[in-house]
>>> print(open('run_17.pdb').read())   # PDB, C-alpha atoms
ATOM      1  CA  MET Y 119       0.000   0.000   0.000  1.00  0.00           C
ATOM      2  CA  GLN Y 120       1.351   3.416  -0.960  1.00  0.00           C
ATOM      3  CA  LEU Y 121       0.923   5.701   2.015  1.00  0.00           C
ATOM      4  CA  LEU Y 122       0.333   9.417   1.845  1.00  0.00           C
ATOM      5  CA  THR Y 123       2.716  11.891   3.371  1.00  0.00           C
ATOM      6  CA  SER Y 124       1.497  14.335   5.988  1.00  0.00           C
ATOM      7  CA  ILE Y 125      -0.618  17.261   4.910  1.00  0.00           C
ATOM      8  CA  THR Y 126       1.099  20.190   6.546  1.00  0.00           C
ATOM      9  CA  ALA Y 127      -0.424  23.389   7.835  1.00  0.00           C
ATOM     10  CA  VAL Y 128       1.233  25.240   4.945  1.00  0.00           C
ATOM     11  CA  SER Y 129      -0.877  23.316   2.447  1.00  0.00           C
ATOM     12  CA  LEU Y 130      -4.258  23.894   4.126  1.00  0.00           C
ATOM     13  CA  THR Y 131      -5.356  26.672   1.785  1.00  0.00           C
ATOM     14  CA  ALA Y 132      -4.363  24.781  -1.366  1.00  0.00           C
ATOM     15  CA  PHE Y 133      -6.032  21.627  -0.073  1.00  0.00           C
ATOM     16  CA  THR Y 134      -9.228  23.549   0.650  1.00  0.00           C
ATOM     17  CA  LEU Y 135      -9.422  25.182  -2.783  1.00  0.00           C
ATOM     18  CA  LEU Y 136      -8.641  21.978  -4.638  1.00  0.00           C
ATOM     19  CA  HIS Y 137     -11.128  19.787  -2.835  1.00  0.00           C
ATOM     20  CA  LEU Y 138     -14.006  22.135  -2.111  1.00  0.00           C
ATOM     21  CA  ALA Y 139     -14.153  22.934  -5.799  1.00  0.00           C
ATOM     22  CA  THR Y 140     -15.388  19.416  -6.485  1.00  0.00           C
ATOM     23  CA  ILE Y 141     -17.578  18.868  -3.422  1.00  0.00           C
ATOM     24  CA  SER Y 142     -21.317  19.088  -3.899  1.00  0.00           C
ATOM     25  CA  SER Y 143     -23.559  17.995  -1.041  1.00  0.00           C
ATOM     26  CA  ALA Y 144     -22.319  15.734   1.731  1.00  0.00           C
ATOM     27  CA  LEU Y 145     -23.454  12.162   2.018  1.00  0.00           C
ATOM     28  CA  LEU Y 146     -22.322  12.061   5.619  1.00  0.00           C
ATOM     29  CA  THR Y 147     -24.944  13.154   8.117  1.00  0.00           C
ATOM     30  CA  LEU Y 148     -24.794  14.329  11.695  1.00  0.00           C
ATOM     31  CA  ASP Y 149     -26.353  11.004  12.681  1.00  0.00           C
ATOM     32  CA  VAL Y 150     -23.478   9.173  11.000  1.00  0.00           C
ATOM     33  CA  ILE Y 151     -20.957  11.196  13.017  1.00  0.00           C
ATOM     34  CA  ARG Y 152     -22.816  10.295  16.217  1.00  0.00           C
ATOM     35  CA  ASN Y 153     -22.814   6.619  15.268  1.00  0.00           C
ATOM     36  CA  LEU Y 154     -19.117   6.680  14.395  1.00  0.00           C
ATOM     37  CA  THR Y 155     -18.347   8.325  17.740  1.00  0.00           C
ATOM     38  CA  GLU Y 156     -20.177   5.572  19.594  1.00  0.00           C
ATOM     39  CA  GLY Y 157     -18.590   2.880  17.443  1.00  0.00           C
ATOM     40  CA  THR Y 158     -15.071   4.251  17.874  1.00  0.00           C
ATOM     41  CA  ASP Y 159     -15.430   4.255  21.649  1.00  0.00           C
ATOM     42  CA  GLY Y 160     -16.815   0.729  21.460  1.00  0.00           C
ATOM     43  CA  TYR Y 161     -13.845  -0.578  19.461  1.00  0.00           C
ATOM     44  CA  ARG Y 162     -11.477   1.028  21.969  1.00  0.00           C
ATOM     45  CA  GLU Y 163     -13.298  -0.768  24.769  1.00  0.00           C
ATOM     46  CA  ARG Y 164     -12.938  -4.072  22.905  1.00  0.00           C
ATOM     47  CA  ILE Y 165      -9.174  -3.697  22.983  1.00  0.00           C
ATOM     48  CA  LEU Y 166      -9.151  -2.864  26.672  1.00  0.00           C
ATOM     49  CA  ASP Y 167     -11.594  -5.662  27.538  1.00  0.00           C
ATOM     50  CA  ALA Y 168      -9.598  -8.237  25.584  1.00  0.00           C
ATOM     51  CA  GLU Y 169      -6.464  -7.369  27.510  1.00  0.00           C
ATOM     52  CA  GLY Y 170      -8.309  -7.679  30.794  1.00  0.00           C
ATOM     53  CA  GLY Y 171      -9.411 -11.177  29.868  1.00  0.00           C
ATOM     54  CA  LEU Y 172      -5.822 -12.163  29.159  1.00  0.00           C
ATOM     55  CA  GLY Y 173      -4.485 -10.606  32.341  1.00  0.00           C
ATOM     56  CA  VAL Y 174      -2.345  -8.301  30.220  1.00  0.00           C
ATOM     57  CA  GLY Y 175      -1.933  -4.572  30.641  1.00  0.00           C
ATOM     58  CA  VAL Y 176       0.262  -1.825  29.332  1.00  0.00           C
ATOM     59  CA  ALA Y 177       2.901   0.152  31.207  1.00  0.00           C
ATOM     60  CA  LEU Y 178       4.792   2.957  29.532  1.00  0.00           C
ATOM     61  CA  GLY Y 179       6.525   4.442  32.547  1.00  0.00           C
ATOM     62  CA  SER Y 180       5.054   6.686  35.179  1.00  0.00           C
ATOM     63  CA  GLY Y 181       1.763   8.151  34.078  1.00  0.00           C
ATOM     64  CA  GLY Y 182       1.550   5.902  30.999  1.00  0.00           C
ATOM     65  CA  GLY Y 183      -0.710   3.032  30.157  1.00  0.00           C
ATOM     66  CA  ASP Y 184      -4.282   2.361  31.196  1.00  0.00           C
ATOM     67  CA  GLY Y 185      -4.625   2.203  34.941  1.00  0.00           C
ATOM     68  CA  GLY Y 186      -0.913   1.722  35.568  1.00  0.00           C
ATOM     69  CA  GLN Y 187      -0.975  -1.971  34.703  1.00  0.00           C
ATOM     70  CA  VAL Y 188       2.191  -3.887  33.923  1.00  0.00           C
ATOM     71  CA  VAL Y 189       2.892  -6.049  30.902  1.00  0.00           C
ATOM     72  CA  LEU Y 190       2.390  -9.729  31.596  1.00  0.00           C
ATOM     73  CA  GLY Y 191       2.394 -12.826  29.457  1.00  0.00           C
ATOM     74  CA  GLY Y 192       4.403 -13.911  26.457  1.00  0.00           C
ATOM     75  CA  GLU Y 193       4.127 -14.350  22.732  1.00  0.00           C
ATOM     76  CA  GLY Y 194       0.727 -16.000  22.968  1.00  0.00           C
ATOM     77  CA  ASP Y 195      -0.721 -12.952  24.679  1.00  0.00           C
ATOM     78  CA  GLU Y 196       1.011 -10.678  22.210  1.00  0.00           C
ATOM     79  CA  GLY Y 197      -0.633 -12.505  19.319  1.00  0.00           C
ATOM     80  CA  GLU Y 198      -4.070 -12.200  20.916  1.00  0.00           C
ATOM     81  CA  ILE Y 199      -3.605  -8.483  21.496  1.00  0.00           C
ATOM     82  CA  GLU Y 200      -2.318  -7.921  17.975  1.00  0.00           C
ATOM     83  CA  ASP Y 201      -5.327  -9.732  16.530  1.00  0.00           C
ATOM     84  CA  THR Y 202      -7.718  -7.709  18.703  1.00  0.00           C
ATOM     85  CA  VAL Y 203      -6.174  -4.355  17.789  1.00  0.00           C
ATOM     86  CA  ALA Y 204      -6.121  -5.260  14.100  1.00  0.00           C
ATOM     87  CA  ALA Y 205      -9.751  -6.384  14.228  1.00  0.00           C
ATOM     88  CA  ALA Y 206     -10.806  -3.141  15.931  1.00  0.00           C
ATOM     89  CA  LEU Y 207      -9.054  -1.124  13.216  1.00  0.00           C
ATOM     90  CA  ARG Y 208     -10.677  -3.199  10.467  1.00  0.00           C
ATOM     91  CA  MET Y 209     -14.149  -2.753  11.939  1.00  0.00           C
ATOM     92  CA  LEU Y 210     -13.741   0.997  12.347  1.00  0.00           C
ATOM     93  CA  CYS Y 211     -12.346   1.374   8.832  1.00  0.00           C
ATOM     94  CA  THR Y 212     -15.198  -0.716   7.450  1.00  0.00           C
ATOM     95  CA  ASP Y 213     -17.726   1.557   9.158  1.00  0.00           C
ATOM     96  CA  ILE Y 214     -16.098   4.607   7.558  1.00  0.00           C
ATOM     97  CA  LEU Y 215     -15.795   2.919   4.156  1.00  0.00           C
ATOM     98  CA  ILE Y 216     -19.491   2.017   4.129  1.00  0.00           C
ATOM     99  CA  GLU Y 217     -20.334   5.709   4.424  1.00  0.00           C
ATOM    100  CA  LEU Y 218     -17.803   6.756   1.781  1.00  0.00           C
ATOM    101  CA  GLU Y 219     -19.096   4.132  -0.656  1.00  0.00           C
ATOM    102  CA  LYS Y 220     -22.623   5.530  -0.730  1.00  0.00           C
ATOM    103  CA  PRO Y 221     -23.372   6.648  -4.302  1.00  0.00           C
ATOM    104  CA  LEU Y 222     -22.955  10.359  -4.899  1.00  0.00           C
ATOM    105  CA  THR Y 223     -26.323  10.381  -6.664  1.00  0.00           C
ATOM    106  CA  ALA Y 224     -28.077   9.080  -3.571  1.00  0.00           C
ATOM    107  CA  THR Y 225     -31.250  10.981  -2.737  1.00  0.00           C
ATOM    108  CA  PRO Y 226     -31.348  12.198   0.861  1.00  0.00           C
ATOM    109  CA  SER Y 227     -34.019  10.567   2.967  1.00  0.00           C
ATOM    110  CA  PRO Y 228     -36.824  12.824   4.230  1.00  0.00           C
ATOM    111  CA  SER Y 229     -35.587  12.345   7.782  1.00  0.00           C
ATOM    112  CA  SER Y 230     -32.184  13.794   6.865  1.00  0.00           C
ATOM    113  CA  ILE Y 231     -33.707  17.047   5.565  1.00  0.00           C
ATOM    114  CA  SER Y 232     -34.442  19.615   8.232  1.00  0.00           C
ATOM    115  CA  GLN Y 233     -36.227  22.910   7.718  1.00  0.00           C
ATOM    116  CA  THR Y 234     -35.014  24.294  11.025  1.00  0.00           C
ATOM    117  CA  PRO Y 235     -31.570  25.836  11.583  1.00  0.00           C
ATOM    118  CA  PRO Y 236     -29.093  23.459  13.211  1.00  0.00           C
ATOM    119  CA  ASP Y 237     -28.208  23.783  16.862  1.00  0.00           C
ATOM    120  CA  CYS Y 238     -24.648  24.913  16.246  1.00  0.00           C
ATOM    121  CA  ASP Y 239     -23.509  24.378  19.824  1.00  0.00           C
ATOM    122  CA  LYS Y 240     -24.661  20.760  19.570  1.00  0.00           C
ATOM    123  CA  VAL Y 241     -23.125  20.317  16.111  1.00  0.00           C
ATOM    124  CA  LYS Y 242     -19.750  21.608  17.307  1.00  0.00           C
ATOM    125  CA  ASN Y 243     -19.818  19.594  20.515  1.00  0.00           C
ATOM    126  CA  GLU Y 244     -20.627  16.392  18.619  1.00  0.00           C
ATOM    127  CA  TYR Y 245     -17.853  17.047  16.095  1.00  0.00           C
ATOM    128  CA  HIS Y 246     -15.358  17.607  18.889  1.00  0.00           C
ATOM    129  CA  ALA Y 247     -16.642  14.463  20.641  1.00  0.00           C
ATOM    130  CA  PHE Y 248     -16.023  12.466  17.461  1.00  0.00           C
ATOM    131  CA  LEU Y 249     -12.471  13.761  17.186  1.00  0.00           C
ATOM    132  CA  ALA Y 250     -11.860  13.043  20.876  1.00  0.00           C
ATOM    133  CA  ALA Y 251     -13.125   9.468  20.463  1.00  0.00           C
ATOM    134  CA  THR Y 252     -10.842   9.017  17.453  1.00  0.00           C
ATOM    135  CA  VAL Y 253      -7.804  10.294  19.342  1.00  0.00           C
ATOM    136  CA  ARG Y 254      -8.591   8.068  22.350  1.00  0.00           C
ATOM    137  CA  PHE Y 255      -8.807   5.072  20.062  1.00  0.00           C
ATOM    138  CA  LEU Y 256      -5.536   5.887  18.313  1.00  0.00           C
ATOM    139  CA  HIS Y 257      -3.830   6.474  21.650  1.00  0.00           C
ATOM    140  CA  VAL Y 258      -4.751   2.943  22.739  1.00  0.00           C
ATOM    141  CA  VAL Y 259      -3.304   1.600  19.480  1.00  0.00           C
ATOM    142  CA  GLN Y 260      -0.164   3.683  19.965  1.00  0.00           C
ATOM    143  CA  GLU Y 261       0.373   2.430  23.519  1.00  0.00           C
ATOM    144  CA  ARG Y 262       0.213  -1.188  22.435  1.00  0.00           C
ATOM    145  CA  GLN Y 263       2.528  -0.589  19.500  1.00  0.00           C
ATOM    146  CA  MET Y 264       5.088   1.036  21.794  1.00  0.00           C
ATOM    147  CA  VAL Y 265       5.040  -2.047  24.030  1.00  0.00           C
ATOM    148  CA  TRP Y 266       4.918  -4.858  21.466  1.00  0.00           C
ATOM    149  CA  ARG Y 267       6.836  -3.195  18.611  1.00  0.00           C
ATOM    150  CA  TRP Y 268       5.003  -4.876  15.744  1.00  0.00           C
ATOM    151  CA  GLY Y 269       6.606  -4.569  12.309  1.00  0.00           C
ATOM    152  CA  SER Y 270       5.316  -3.324   8.992  1.00  0.00           C
ATOM    153  CA  ASP Y 271       4.178  -6.873   8.219  1.00  0.00           C
ATOM    154  CA  SER Y 272       1.627  -6.667  11.038  1.00  0.00           C
ATOM    155  CA  ALA Y 273      -2.111  -6.484  10.413  1.00  0.00           C
ATOM    156  CA  VAL Y 274      -2.130  -3.571  12.861  1.00  0.00           C
ATOM    157  CA  PHE Y 275       0.136  -1.622  10.498  1.00  0.00           C
ATOM    158  CA  ASP Y 276      -2.220  -2.445   7.637  1.00  0.00           C
ATOM    159  CA  GLY Y 277      -5.185  -1.217   9.672  1.00  0.00           C
ATOM    160  CA  VAL Y 278      -3.538   2.078  10.588  1.00  0.00           C
ATOM    161  CA  GLY Y 279      -2.554   2.566   6.947  1.00  0.00           C
ATOM    162  CA  TRP Y 280      -6.093   1.847   5.784  1.00  0.00           C
ATOM    163  CA  MET Y 281      -7.520   4.360   8.258  1.00  0.00           C
ATOM    164  CA  GLN Y 282      -5.014   6.981   7.160  1.00  0.00           C
ATOM    165  CA  GLY Y 283      -5.940   6.412   3.535  1.00  0.00           C
ATOM    166  CA  LEU Y 284      -9.672   6.655   4.208  1.00  0.00           C
ATOM    167  CA  TRP Y 285      -9.252   9.974   5.960  1.00  0.00           C
ATOM    168  CA  ALA Y 286      -6.837  11.578   3.492  1.00  0.00           C
ATOM    169  CA  SER Y 287      -7.136   9.889   0.094  1.00  0.00           C
ATOM    170  CA  ARG Y 288      -9.796   9.758  -2.589  1.00  0.00           C
ATOM    171  CA  SER Y 289      -8.431   6.512  -4.016  1.00  0.00           C
ATOM    172  CA  THR Y 290      -9.551   4.297  -1.110  1.00  0.00           C
ATOM    173  CA  ASN Y 291     -13.210   4.256  -2.136  1.00  0.00           C
ATOM    174  CA  SER Y 292     -15.146   4.043  -5.369  1.00  0.00           C
ATOM    175  CA  GLN Y 293     -16.763   7.470  -4.969  1.00  0.00           C
ATOM    176  CA  ASN Y 294     -13.402   9.287  -4.915  1.00  0.00           C
ATOM    177  CA  ARG Y 295     -14.231  11.209  -1.756  1.00  0.00           C
ATOM    178  CA  SER Y 296     -11.886  11.283   1.221  1.00  0.00           C
ATOM    179  CA  PHE Y 297     -13.347  11.215   4.704  1.00  0.00           C
ATOM    180  CA  ILE Y 298     -11.932  14.698   5.280  1.00  0.00           C
ATOM    181  CA  GLU Y 299     -13.766  16.006   2.210  1.00  0.00           C
ATOM    182  CA  GLN Y 300     -17.025  14.487   3.365  1.00  0.00           C
ATOM    183  CA  GLN Y 301     -16.697  16.082   6.788  1.00  0.00           C
ATOM    184  CA  MET Y 302     -15.818  19.471   5.285  1.00  0.00           C
ATOM    185  CA  SER Y 303     -18.877  19.310   3.060  1.00  0.00           C
ATOM    186  CA  LEU Y 304     -21.169  18.214   5.898  1.00  0.00           C
ATOM    187  CA  TYR Y 305     -20.115  20.970   8.249  1.00  0.00           C
ATOM    188  CA  ALA Y 306     -20.035  23.618   5.528  1.00  0.00           C
ATOM    189  CA  GLU Y 307     -23.719  22.902   4.944  1.00  0.00           C
ATOM    190  CA  THR Y 308     -24.525  23.505   8.619  1.00  0.00           C
ATOM    191  CA  GLY Y 309     -22.869  26.926   8.559  1.00  0.00           C
ATOM    192  CA  CYS Y 310     -21.786  26.353  12.144  1.00  0.00           C
ATOM    193  CA  PHE Y 311     -18.052  26.792  11.608  1.00  0.00           C
ATOM    194  CA  GLY Y 312     -18.179  30.004   9.626  1.00  0.00           C
ATOM    195  CA  LYS Y 313     -15.575  30.572   6.930  1.00  0.00           C
ATOM    196  CA  GLY Y 314     -12.655  29.244   8.939  1.00  0.00           C
ATOM    197  CA  ASN Y 315     -10.708  26.049   8.369  1.00  0.00           C
ATOM    198  CA  GLU Y 316     -11.325  24.441  11.754  1.00  0.00           C
ATOM    199  CA  VAL Y 317     -12.714  21.184  10.369  1.00  0.00           C
ATOM    200  CA  LEU Y 318      -9.908  20.823   7.841  1.00  0.00           C
ATOM    201  CA  ARG Y 319      -7.249  21.781  10.373  1.00  0.00           C
ATOM    202  CA  ARG Y 320      -8.458  19.379  13.038  1.00  0.00           C
ATOM    203  CA  ASP Y 321      -8.950  16.548  10.550  1.00  0.00           C
ATOM    204  CA  VAL Y 322      -5.431  17.068   9.205  1.00  0.00           C
ATOM    205  CA  GLU Y 323      -4.158  16.720  12.778  1.00  0.00           C
ATOM    206  CA  VAL Y 324      -5.755  13.260  12.882  1.00  0.00           C
ATOM    207  CA  VAL Y 325      -4.009  12.323   9.630  1.00  0.00           C
ATOM    208  CA  GLU Y 326      -0.707  13.561  11.031  1.00  0.00           C
ATOM    209  CA  TYR Y 327      -1.258  11.424  14.126  1.00  0.00           C
ATOM    210  CA  LEU Y 328      -1.875   8.423  11.873  1.00  0.00           C
ATOM    211  CA  ASN Y 329       1.318   9.196   9.950  1.00  0.00           C
ATOM    212  CA  ASP Y 330       3.249   9.302  13.217  1.00  0.00           C
ATOM    213  CA  LEU Y 331       1.734   5.964  14.206  1.00  0.00           C
ATOM    214  CA  LEU Y 332       2.844   4.398  10.936  1.00  0.00           C
ATOM    215  CA  ASP Y 333       6.381   5.577  11.608  1.00  0.00           C
ATOM    216  CA  LEU Y 334       6.410   3.565  14.846  1.00  0.00           C
ATOM    217  CA  PHE Y 335       6.318   0.317  12.849  1.00  0.00           C
ATOM    218  CA  GLY Y 336       9.766   0.917  11.391  1.00  0.00           C
TER     219      GLY Y 336
END
>>> encode(input="run_17.pdb", output="structure tokens")
Amino acid sequence: MQLLTSITAVSLTAFTLLHLATISSALLTLDVIRNLTEGTDGYRERILDAEGGLGVGVALGSGGGDGGQVVLGGEGDEGEIEDTVAAALRMLCTDILIELEKPLTATPSPSSISQTPPDCDKVKNEYHAFLAATVRFLHVVQERQMVWRWGSDSAVFDGVGWMQGLWASRSTNSQNRSFIEQQMSLYAETGCFGKGNEVLRRDVEVVEYLNDLLDLFG
């Protein structure tokens, strides 16, 4: 898989002009963002729960890890954890891909069309909650990678790379829309973020985090 390089802050304006020029209406909805937030937190919990069942925890020095646990077990436990993390990444990426694969000619359902102005405080809070859930999930992945040091042949590496591609690249789905583009279009339609680049800037930070994670695999 050819991985994208980081989108830097310097390129935000160019990225915006290039991609917004081809964006019509968003297929993502605010309900989808809520569902993805819940799902992302759920996949994080799966990783933590699986470790608890194995009697394995993570310790990354003082203040690191989840609950200050120590690493126990051997290669068998490592394999179980790797499989669990990889599965969580695959499920989250599949959820995102399903939304990106919706045909661009899809007609919005009546329930998705509102005649009333959006509650912008709620829209912003839910967007920030989605980003926070994403960062929490990636932090759990990062902690385990720093302990187990999986290589680039790991399914975890593949999952992180897939997630990075879905967020930043058009080529990872048949509709040629990146997840960042879909979010920019969705929130532009609400009018809640004004003319600033907050959504793009914060989404690029997620992609940069994913790039940093990929670098940990050597």
>>> residues_around(input="run_17.pdb", residues="segment 281-296 of chain Y", least_positions_apart="5", cutoff="6 Å", atoms="all atoms listed in the file", output="PyMOL selection string")
chain Y and resi 211+219+325+328
>>> atom_distance(input="run_17.pdb", atom1="atom CA of Arg319 of chain Y", atom2="atom CA of Glu244 of chain Y")
16.6 Å
>>> axis_aligned_box(input="run_17.pdb", around="segment 291-304 of chain Y", padding_each_side="8 Å", output="AutoDock Vina command-line options")
--center_x -16.5 --center_y 11.8 --center_z 0.7 --size_x 25.3 --size_y 31.4 --size_z 28.2
>>> closest_residue(input="run_17.pdb", among="Y:Gly197, Y:Val203, Y:Leu334, Y:Val322", to="Val258 of chain Y", atoms="all atoms listed in the file")
Y:Val203
>>> residues_around(input="run_17.pdb", residues="Cys310 of chain Y", least_positions_apart="4", cutoff="9 Å", atoms="only C-alpha atoms", output="number ranges by chain")
Y: 236-239, 241-242, 305-306
>>> closest_residue(input="run_17.pdb", among="Y:Arg162, Y:Arg320, Y:Arg267, Y:Arg208", to="Met302 of chain Y", atoms="only C-alpha atoms")
Y:Arg320
>>> resolve_selection(input="run_17.pdb", expression="the PyMOL selection byres ((chain Y and resi 245) around 9)", output="mmCIF file with C-alpha atoms, keeping the file's coordinate frame")
data_model
loop_
_atom_site.group_PDB
_atom_site.id
_atom_site.type_symbol
_atom_site.label_atom_id
_atom_site.label_comp_id
_atom_site.auth_asym_id
_atom_site.auth_seq_id
_atom_site.Cartn_x
_atom_site.Cartn_y
_atom_site.Cartn_z
ATOM 1 C CA LEU Y 148 -24.794 14.329 11.695
ATOM 2 C CA ILE Y 151 -20.957 11.196 13.017
ATOM 3 C CA ARG Y 152 -22.816 10.295 16.217
ATOM 4 C CA THR Y 155 -18.347 8.325 17.740
ATOM 5 C CA LYS Y 240 -24.661 20.760 19.570
ATOM 6 C CA VAL Y 241 -23.125 20.317 16.111
ATOM 7 C CA LYS Y 242 -19.750 21.608 17.307
ATOM 8 C CA ASN Y 243 -19.818 19.594 20.515
ATOM 9 C CA GLU Y 244 -20.627 16.392 18.619
ATOM 10 C CA HIS Y 246 -15.358 17.607 18.889
ATOM 11 C CA ALA Y 247 -16.642 14.463 20.641
ATOM 12 C CA PHE Y 248 -16.023 12.466 17.461
ATOM 13 C CA LEU Y 249 -12.471 13.761 17.186
ATOM 14 C CA ALA Y 250 -11.860 13.043 20.876
ATOM 15 C CA VAL Y 317 -12.714 21.184 10.369
#
>>> resolve_selection(input="run_17.pdb", expression="the PyMOL selection byres ((chain Y and resi 264) around 10)", output="short mmCIF file (atom, residue, chain, number, x, y, z; two decimals) with C-alpha atoms, in the frame of the given file")
data_model
loop_
_atom_site.label_atom_id
_atom_site.label_comp_id
_atom_site.auth_asym_id
_atom_site.auth_seq_id
_atom_site.Cartn_x
_atom_site.Cartn_y
_atom_site.Cartn_z
CA VAL Y 176 0.26 -1.82 29.33
CA ALA Y 177 2.90 0.15 31.21
CA LEU Y 178 4.79 2.96 29.53
CA VAL Y 259 -3.30 1.60 19.48
CA GLN Y 260 -0.16 3.68 19.96
CA GLU Y 261 0.37 2.43 23.52
CA ARG Y 262 0.21 -1.19 22.44
CA GLN Y 263 2.53 -0.59 19.50
CA VAL Y 265 5.04 -2.05 24.03
CA TRP Y 266 4.92 -4.86 21.47
CA ARG Y 267 6.84 -3.20 18.61
CA TRP Y 268 5.00 -4.88 15.74
CA LEU Y 331 1.73 5.96 14.21
CA LEU Y 334 6.41 3.56 14.85
CA PHE Y 335 6.32 0.32 12.85
#
>>> residues_around(input="run_17.pdb", residues="Leu210 of chain Y", least_positions_apart="3", cutoff="8 Å", atoms="all atoms listed in the file", output="ChimeraX atom specification")
/Y:157-158,161,206-207,213-214
>>> write_last_selection(input="run_17.pdb", atoms="C-alpha atoms", output="PDB file, in the frame of the given file")
ATOM      1  CA  GLY Y 157     -18.590   2.880  17.443  1.00  0.00           C
ATOM      2  CA  THR Y 158     -15.071   4.251  17.874  1.00  0.00           C
ATOM      3  CA  TYR Y 161     -13.845  -0.578  19.461  1.00  0.00           C
ATOM      4  CA  ALA Y 206     -10.806  -3.141  15.931  1.00  0.00           C
ATOM      5  CA  LEU Y 207      -9.054  -1.124  13.216  1.00  0.00           C
ATOM      6  CA  ASP Y 213     -17.726   1.557   9.158  1.00  0.00           C
ATOM      7  CA  ILE Y 214     -16.098   4.607   7.558  1.00  0.00           C
TER       8      ILE Y 214
END
>>> atom_distance(input="run_17.pdb", atom1="atom CA of Glu156 of chain Y", atom2="atom CA of Met209 of chain Y")
12.8 Å
>>> resolve_selection(input="run_17.pdb", expression="the PyMOL selection byres ((chain Y and resi 270) around 12)", output="number ranges by chain")
Y: 119, 263, 267-269, 271-279, 331-336
>>> write_last_selection(input="run_17.pdb", atoms="C-alpha atoms", output="mmCIF file, in the frame of the given file")
data_model
loop_
_atom_site.group_PDB
_atom_site.id
_atom_site.type_symbol
_atom_site.label_atom_id
_atom_site.label_comp_id
_atom_site.auth_asym_id
_atom_site.auth_seq_id
_atom_site.Cartn_x
_atom_site.Cartn_y
_atom_site.Cartn_z
ATOM 1 C CA MET Y 119 0.000 0.000 0.000
ATOM 2 C CA GLN Y 263 2.528 -0.589 19.500
ATOM 3 C CA ARG Y 267 6.836 -3.195 18.611
ATOM 4 C CA TRP Y 268 5.003 -4.876 15.744
ATOM 5 C CA GLY Y 269 6.606 -4.569 12.309
ATOM 6 C CA ASP Y 271 4.178 -6.873 8.219
ATOM 7 C CA SER Y 272 1.627 -6.667 11.038
ATOM 8 C CA ALA Y 273 -2.111 -6.484 10.413
ATOM 9 C CA VAL Y 274 -2.130 -3.571 12.861
ATOM 10 C CA PHE Y 275 0.136 -1.622 10.498
ATOM 11 C CA ASP Y 276 -2.220 -2.445 7.637
ATOM 12 C CA GLY Y 277 -5.185 -1.217 9.672
ATOM 13 C CA VAL Y 278 -3.538 2.078 10.588
ATOM 14 C CA GLY Y 279 -2.554 2.566 6.947
ATOM 15 C CA LEU Y 331 1.734 5.964 14.206
ATOM 16 C CA LEU Y 332 2.844 4.398 10.936
ATOM 17 C CA ASP Y 333 6.381 5.577 11.608
ATOM 18 C CA LEU Y 334 6.410 3.565 14.846
ATOM 19 C CA PHE Y 335 6.318 0.317 12.849
ATOM 20 C CA GLY Y 336 9.766 0.917 11.391
#
>>> closest_residue(input="run_17.pdb", among="Y:Asp159, Y:Asp195, Y:Glu169, Y:Glu217", to="Leu145 of chain Y", atoms="only C-alpha atoms")
Y:Glu217
>>> atom_distance(input="run_17.pdb", atom1="atom CA of Ile165 of chain Y", atom2="atom CA of Tyr327 of chain Y")
19.2 Å
>>> closest_residue(input="run_17.pdb", among="Y:Thr202, Y:Ser303, Y:Thr252, Y:Asn315", to="Leu146 of chain Y", atoms="only C-alpha atoms")
Y:Ser303
>>> closest_residue(input="run_17.pdb", among="Y:Ile298, Y:Leu215, Y:Leu256, Y:Leu304", to="Asp321 of chain Y", atoms="all atoms listed in the file")
Y:Ile298
